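Enquirer: Below is final.txt; it holds compact mmCIF, C-alpha atoms.
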# COMPACT_ATOMS: atom_id res chain seq x y z
CA MET O 615 -86.84 163.16 69.07
CA GLY O 616 -87.89 163.08 72.68
CA SER O 617 -91.05 162.20 74.50
CA PRO O 618 -94.07 160.52 72.85
CA THR O 619 -95.65 163.99 72.64
CA GLY O 620 -92.48 165.54 71.25
CA PHE O 621 -91.51 165.81 67.62
CA LEU O 622 -88.63 164.94 65.38
CA THR O 623 -86.65 167.77 63.83
CA LEU O 624 -84.78 167.30 60.62
CA ASN O 625 -81.07 168.06 60.70
CA THR O 626 -80.46 169.29 57.15
CA SER O 627 -76.72 168.71 57.43
CA GLU O 628 -77.43 164.95 57.61
CA PHE O 629 -79.68 165.08 54.54
CA PRO O 630 -78.11 167.34 51.92
CA SER O 631 -80.37 168.68 49.19
CA ALA O 632 -77.88 167.66 46.50
CA ALA O 633 -78.38 163.93 46.97
CA ALA O 634 -76.64 161.50 44.65
CA VAL O 635 -78.72 159.44 42.25
CA CYS O 636 -78.60 155.67 42.64
CA SER O 637 -80.65 152.72 41.50
CA LEU O 638 -82.70 150.47 43.73
CA SER O 639 -80.46 147.52 42.90
CA ALA O 640 -77.49 149.44 44.31
CA VAL O 641 -79.03 149.61 47.78
CA LEU O 642 -80.81 146.26 48.06
CA GLU O 643 -79.58 143.81 50.65
CA THR O 644 -78.34 140.45 49.40
CA GLY O 645 -77.51 137.24 51.17
CA ASP O 646 -79.30 135.94 54.25
CA VAL O 647 -82.17 138.41 54.71
CA PRO O 648 -84.70 137.80 57.52
CA ARG O 649 -88.19 136.73 56.34
CA ARG O 650 -89.76 139.73 58.08
CA TYR O 651 -88.44 141.90 55.23
CA PHE O 652 -90.25 139.90 52.54
CA LEU O 653 -93.68 140.82 51.19
CA SER O 654 -96.38 138.26 51.81
CA ALA O 655 -98.55 136.89 49.01
CA THR O 656 -101.43 138.95 50.44
CA ALA O 657 -99.35 142.15 50.33
CA CYS O 658 -98.31 141.47 46.73
CA LYS O 659 -101.93 140.85 45.73
CA GLY O 660 -102.91 144.14 47.36
CA ILE O 661 -100.23 146.09 45.51
CA LEU O 662 -101.29 144.56 42.20
CA ARG O 663 -104.99 145.19 42.95
CA ARG O 664 -104.45 148.84 43.91
CA ALA O 665 -102.31 149.49 40.84
CA ALA O 666 -105.01 147.98 38.61
CA ASN O 667 -107.81 149.93 40.35
CA ARG O 668 -105.89 153.18 39.87
CA GLY O 669 -104.98 152.39 36.27
CA LYS O 670 -101.27 152.51 37.07
CA ALA O 671 -98.82 150.43 35.07
CA LEU O 672 -96.10 148.88 37.21
CA PRO O 673 -92.64 148.26 35.73
CA GLU O 674 -92.67 144.80 34.14
CA PRO O 675 -89.96 143.27 36.40
CA LEU O 676 -91.81 144.50 39.51
CA GLN O 677 -95.16 143.26 38.25
CA ALA O 678 -93.67 139.86 37.39
CA ALA O 679 -92.06 139.55 40.84
CA LEU O 680 -95.28 140.58 42.63
CA ARG O 681 -97.34 138.18 40.50
CA ALA O 682 -94.92 135.30 41.21
CA VAL O 683 -95.23 135.81 44.98
CA ALA O 684 -98.99 136.46 44.82
CA ASP O 685 -99.53 133.23 42.87
CA SER O 686 -97.26 131.18 45.15
CA GLU O 687 -99.71 131.08 48.05
CA PRO O 688 -103.20 129.65 47.57
CA THR O 689 -106.05 131.99 48.39
CA SER O 690 -108.27 130.82 51.23
CA THR O 691 -112.00 130.72 50.52
Would you mind writing the file out in structure tokens?

Expert:
Amino acid sequence: MGSPTGFLTLNTSEFPSAAAVCSLSAVLETGDVPRRYFLSATACKGILRRAANRGKALPEPLQAALRAVADSEPTST
């Protein structure tokens, strides 16, 4: 990476093709996480809306978490 007009090259030794499999819960941060890393109610509503419009079924725990956040903030009219 260099100048704003430059480009980033991928060093394949840093990203091996034989990556290990892990679950999301294994890499999530716990404890005191800054609020800037949380999804807003508006963002959660958008994710749910786009999934519904595309006919995509979200995993139940994800859908429940998104719905809980989306419903926690009143919608302005």

Enquirer: Ranking O:Ala634, O:Leu662, O:Ala655, O:Leu642 by minimum distance to O:Glu674 and counting all atoms listed in the file, which one comes first?

Expert: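 Comparing O:Ala634, O:Leu662, O:Ala655, O:Leu642 against O:Glu674, the winner is O:Leu662.
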
Enquirer: For atom CA of O:Ala684 and atom CA of O:Leu653, quote the distance in Å rounded to one decimal.

Expert: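 Separating atom CA of O:Ala684 from atom CA of O:Leu653 is a distance of 9.4 Å.
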
Enquirer: Rounded to one decimal in Å, what is the spacing between atom CA of O:Gly660 and atom CA of O:Pro675?

Expert: 17.0 Å

Enquirer: Could you check the closest approach to O:Ser686 for each of O:Val635, O:Cys658, O:Leu672, O:Ala666 and tell me which residue wins, using only C-alpha atoms?

Expert: O:Cys658

Enquirer: For atom CA of O:Val641 and atom CA of O:Lys659, determine how far apart the two atoms are, in Å to one decimal place.

Expert: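 About the pair atom CA of O:Val641 and atom CA of O:Lys659: they are 24.6 Å apart.
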
Enquirer: Stretch 662-691 of chain O from the block above, N, CA and C atoms, as a PDB file, in the first residue's frame, please?

Expert:
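The result, written out as part.pdb:
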ATOM      1  N   LEU O 662     -32.686  -7.036   8.127  1.00  0.00           N
ATOM      2  CA  LEU O 662     -33.901  -7.852   8.117  1.00  0.00           C
ATOM      3  C   LEU O 662     -34.737  -7.568   6.863  1.00  0.00           C
ATOM      4  N   ARG O 663     -34.874  -6.296   6.500  1.00  0.00           N
ATOM      5  CA  ARG O 663     -35.653  -5.920   5.321  1.00  0.00           C
ATOM      6  C   ARG O 663     -35.043  -6.488   4.043  1.00  0.00           C
ATOM      7  N   ARG O 664     -33.720  -6.358   3.892  1.00  0.00           N
ATOM      8  CA  ARG O 664     -33.071  -6.871   2.681  1.00  0.00           C
ATOM      9  C   ARG O 664     -33.157  -8.386   2.587  1.00  0.00           C
ATOM     10  N   ALA O 665     -33.019  -9.068   3.713  1.00  0.00           N
ATOM     11  CA  ALA O 665     -33.146 -10.531   3.704  1.00  0.00           C
ATOM     12  C   ALA O 665     -34.557 -10.933   3.276  1.00  0.00           C
ATOM     13  N   ALA O 666     -35.562 -10.237   3.797  1.00  0.00           N
ATOM     14  CA  ALA O 666     -36.952 -10.546   3.440  1.00  0.00           C
ATOM     15  C   ALA O 666     -37.209 -10.251   1.965  1.00  0.00           C
ATOM     16  N   ASN O 667     -36.725  -9.109   1.474  1.00  0.00           N
ATOM     17  CA  ASN O 667     -36.925  -8.745   0.065  1.00  0.00           C
ATOM     18  C   ASN O 667     -36.274  -9.749  -0.878  1.00  0.00           C
ATOM     19  N   ARG O 668     -35.166 -10.317  -0.462  1.00  0.00           N
ATOM     20  CA  ARG O 668     -34.442 -11.284  -1.305  1.00  0.00           C
ATOM     21  C   ARG O 668     -34.890 -12.718  -1.068  1.00  0.00           C
ATOM     22  N   GLY O 669     -35.813 -12.907  -0.137  1.00  0.00           N
ATOM     23  CA  GLY O 669     -36.301 -14.250   0.151  1.00  0.00           C
ATOM     24  C   GLY O 669     -35.273 -15.124   0.839  1.00  0.00           C
ATOM     25  N   LYS O 670     -34.358 -14.506   1.550  1.00  0.00           N
ATOM     26  CA  LYS O 670     -33.295 -15.242   2.243  1.00  0.00           C
ATOM     27  C   LYS O 670     -33.688 -15.493   3.690  1.00  0.00           C
ATOM     28  N   ALA O 671     -33.491 -16.713   4.131  1.00  0.00           N
ATOM     29  CA  ALA O 671     -33.763 -17.054   5.527  1.00  0.00           C
ATOM     30  C   ALA O 671     -32.477 -16.877   6.328  1.00  0.00           C
ATOM     31  N   LEU O 672     -32.538 -16.054   7.355  1.00  0.00           N
ATOM     32  CA  LEU O 672     -31.393 -15.865   8.238  1.00  0.00           C
ATOM     33  C   LEU O 672     -31.404 -16.965   9.297  1.00  0.00           C
ATOM     34  N   PRO O 673     -30.237 -17.341   9.813  1.00  0.00           N
ATOM     35  CA  PRO O 673     -30.219 -18.288  10.934  1.00  0.00           C
ATOM     36  C   PRO O 673     -31.054 -17.728  12.091  1.00  0.00           C
ATOM     37  N   GLU O 674     -31.806 -18.582  12.746  1.00  0.00           N
ATOM     38  CA  GLU O 674     -32.741 -18.142  13.787  1.00  0.00           C
ATOM     39  C   GLU O 674     -32.080 -17.310  14.889  1.00  0.00           C
ATOM     40  N   PRO O 675     -30.902 -17.707  15.417  1.00  0.00           N
ATOM     41  CA  PRO O 675     -30.288 -16.857  16.460  1.00  0.00           C
ATOM     42  C   PRO O 675     -29.938 -15.452  15.948  1.00  0.00           C
ATOM     43  N   LEU O 676     -29.468 -15.368  14.700  1.00  0.00           N
ATOM     44  CA  LEU O 676     -29.143 -14.062  14.118  1.00  0.00           C
ATOM     45  C   LEU O 676     -30.401 -13.244  13.924  1.00  0.00           C
ATOM     46  N   GLN O 677     -31.449 -13.851  13.386  1.00  0.00           N
ATOM     47  CA  GLN O 677     -32.701 -13.135  13.175  1.00  0.00           C
ATOM     48  C   GLN O 677     -33.280 -12.640  14.497  1.00  0.00           C
ATOM     49  N   ALA O 678     -33.222 -13.472  15.528  1.00  0.00           N
ATOM     50  CA  ALA O 678     -33.746 -13.074  16.838  1.00  0.00           C
ATOM     51  C   ALA O 678     -32.950 -11.901  17.412  1.00  0.00           C
ATOM     52  N   ALA O 679     -31.625 -11.937  17.266  1.00  0.00           N
ATOM     53  CA  ALA O 679     -30.783 -10.853  17.783  1.00  0.00           C
ATOM     54  C   ALA O 679     -31.043  -9.557  17.010  1.00  0.00           C
ATOM     55  N   LEU O 680     -31.142  -9.655  15.683  1.00  0.00           N
ATOM     56  CA  LEU O 680     -31.421  -8.464  14.874  1.00  0.00           C
ATOM     57  C   LEU O 680     -32.787  -7.888  15.211  1.00  0.00           C
ATOM     58  N   ARG O 681     -33.780  -8.763  15.374  1.00  0.00           N
ATOM     59  CA  ARG O 681     -35.141  -8.307  15.697  1.00  0.00           C
ATOM     60  C   ARG O 681     -35.163  -7.625  17.072  1.00  0.00           C
ATOM     61  N   ALA O 682     -34.432  -8.191  18.044  1.00  0.00           N
ATOM     62  CA  ALA O 682     -34.409  -7.600  19.387  1.00  0.00           C
ATOM     63  C   ALA O 682     -33.838  -6.180  19.350  1.00  0.00           C
ATOM     64  N   VAL O 683     -32.769  -5.970  18.598  1.00  0.00           N
ATOM     65  CA  VAL O 683     -32.179  -4.639  18.494  1.00  0.00           C
ATOM     66  C   VAL O 683     -33.083  -3.718  17.682  1.00  0.00           C
ATOM     67  N   ALA O 684     -33.627  -4.239  16.583  1.00  0.00           N
ATOM     68  CA  ALA O 684     -34.495  -3.422  15.721  1.00  0.00           C
ATOM     69  C   ALA O 684     -35.721  -2.946  16.472  1.00  0.00           C
ATOM     70  N   ASP O 685     -36.257  -3.790  17.345  1.00  0.00           N
ATOM     71  CA  ASP O 685     -37.463  -3.438  18.102  1.00  0.00           C
ATOM     72  C   ASP O 685     -37.162  -2.604  19.340  1.00  0.00           C
ATOM     73  N   SER O 686     -35.891  -2.463  19.702  1.00  0.00           N
ATOM     74  CA  SER O 686     -35.539  -1.739  20.925  1.00  0.00           C
ATOM     75  C   SER O 686     -35.586  -0.229  20.763  1.00  0.00           C
ATOM     76  N   GLU O 687     -35.534   0.249  19.538  1.00  0.00           N
ATOM     77  CA  GLU O 687     -35.523   1.685  19.284  1.00  0.00           C
ATOM     78  C   GLU O 687     -36.773   2.069  18.520  1.00  0.00           C
ATOM     79  N   PRO O 688     -37.572   2.993  19.051  1.00  0.00           N
ATOM     80  CA  PRO O 688     -38.794   3.378  18.344  1.00  0.00           C
ATOM     81  C   PRO O 688     -38.478   4.025  16.994  1.00  0.00           C
ATOM     82  N   THR O 689     -39.324   3.749  16.035  1.00  0.00           N
ATOM     83  CA  THR O 689     -39.164   4.314  14.702  1.00  0.00           C
ATOM     84  C   THR O 689     -39.758   5.721  14.684  1.00  0.00           C
ATOM     85  N   SER O 690     -39.007   6.666  14.155  1.00  0.00           N
ATOM     86  CA  SER O 690     -39.513   8.033  14.060  1.00  0.00           C
ATOM     87  C   SER O 690     -40.457   8.145  12.860  1.00  0.00           C
ATOM     88  N   THR O 691     -41.518   8.918  13.034  1.00  0.00           N
ATOM     89  CA  THR O 691     -42.484   9.095  11.932  1.00  0.00           C
ATOM     90  C   THR O 691     -42.586  10.520  11.515  1.00  0.00           C
TER      91      THR O 691
END
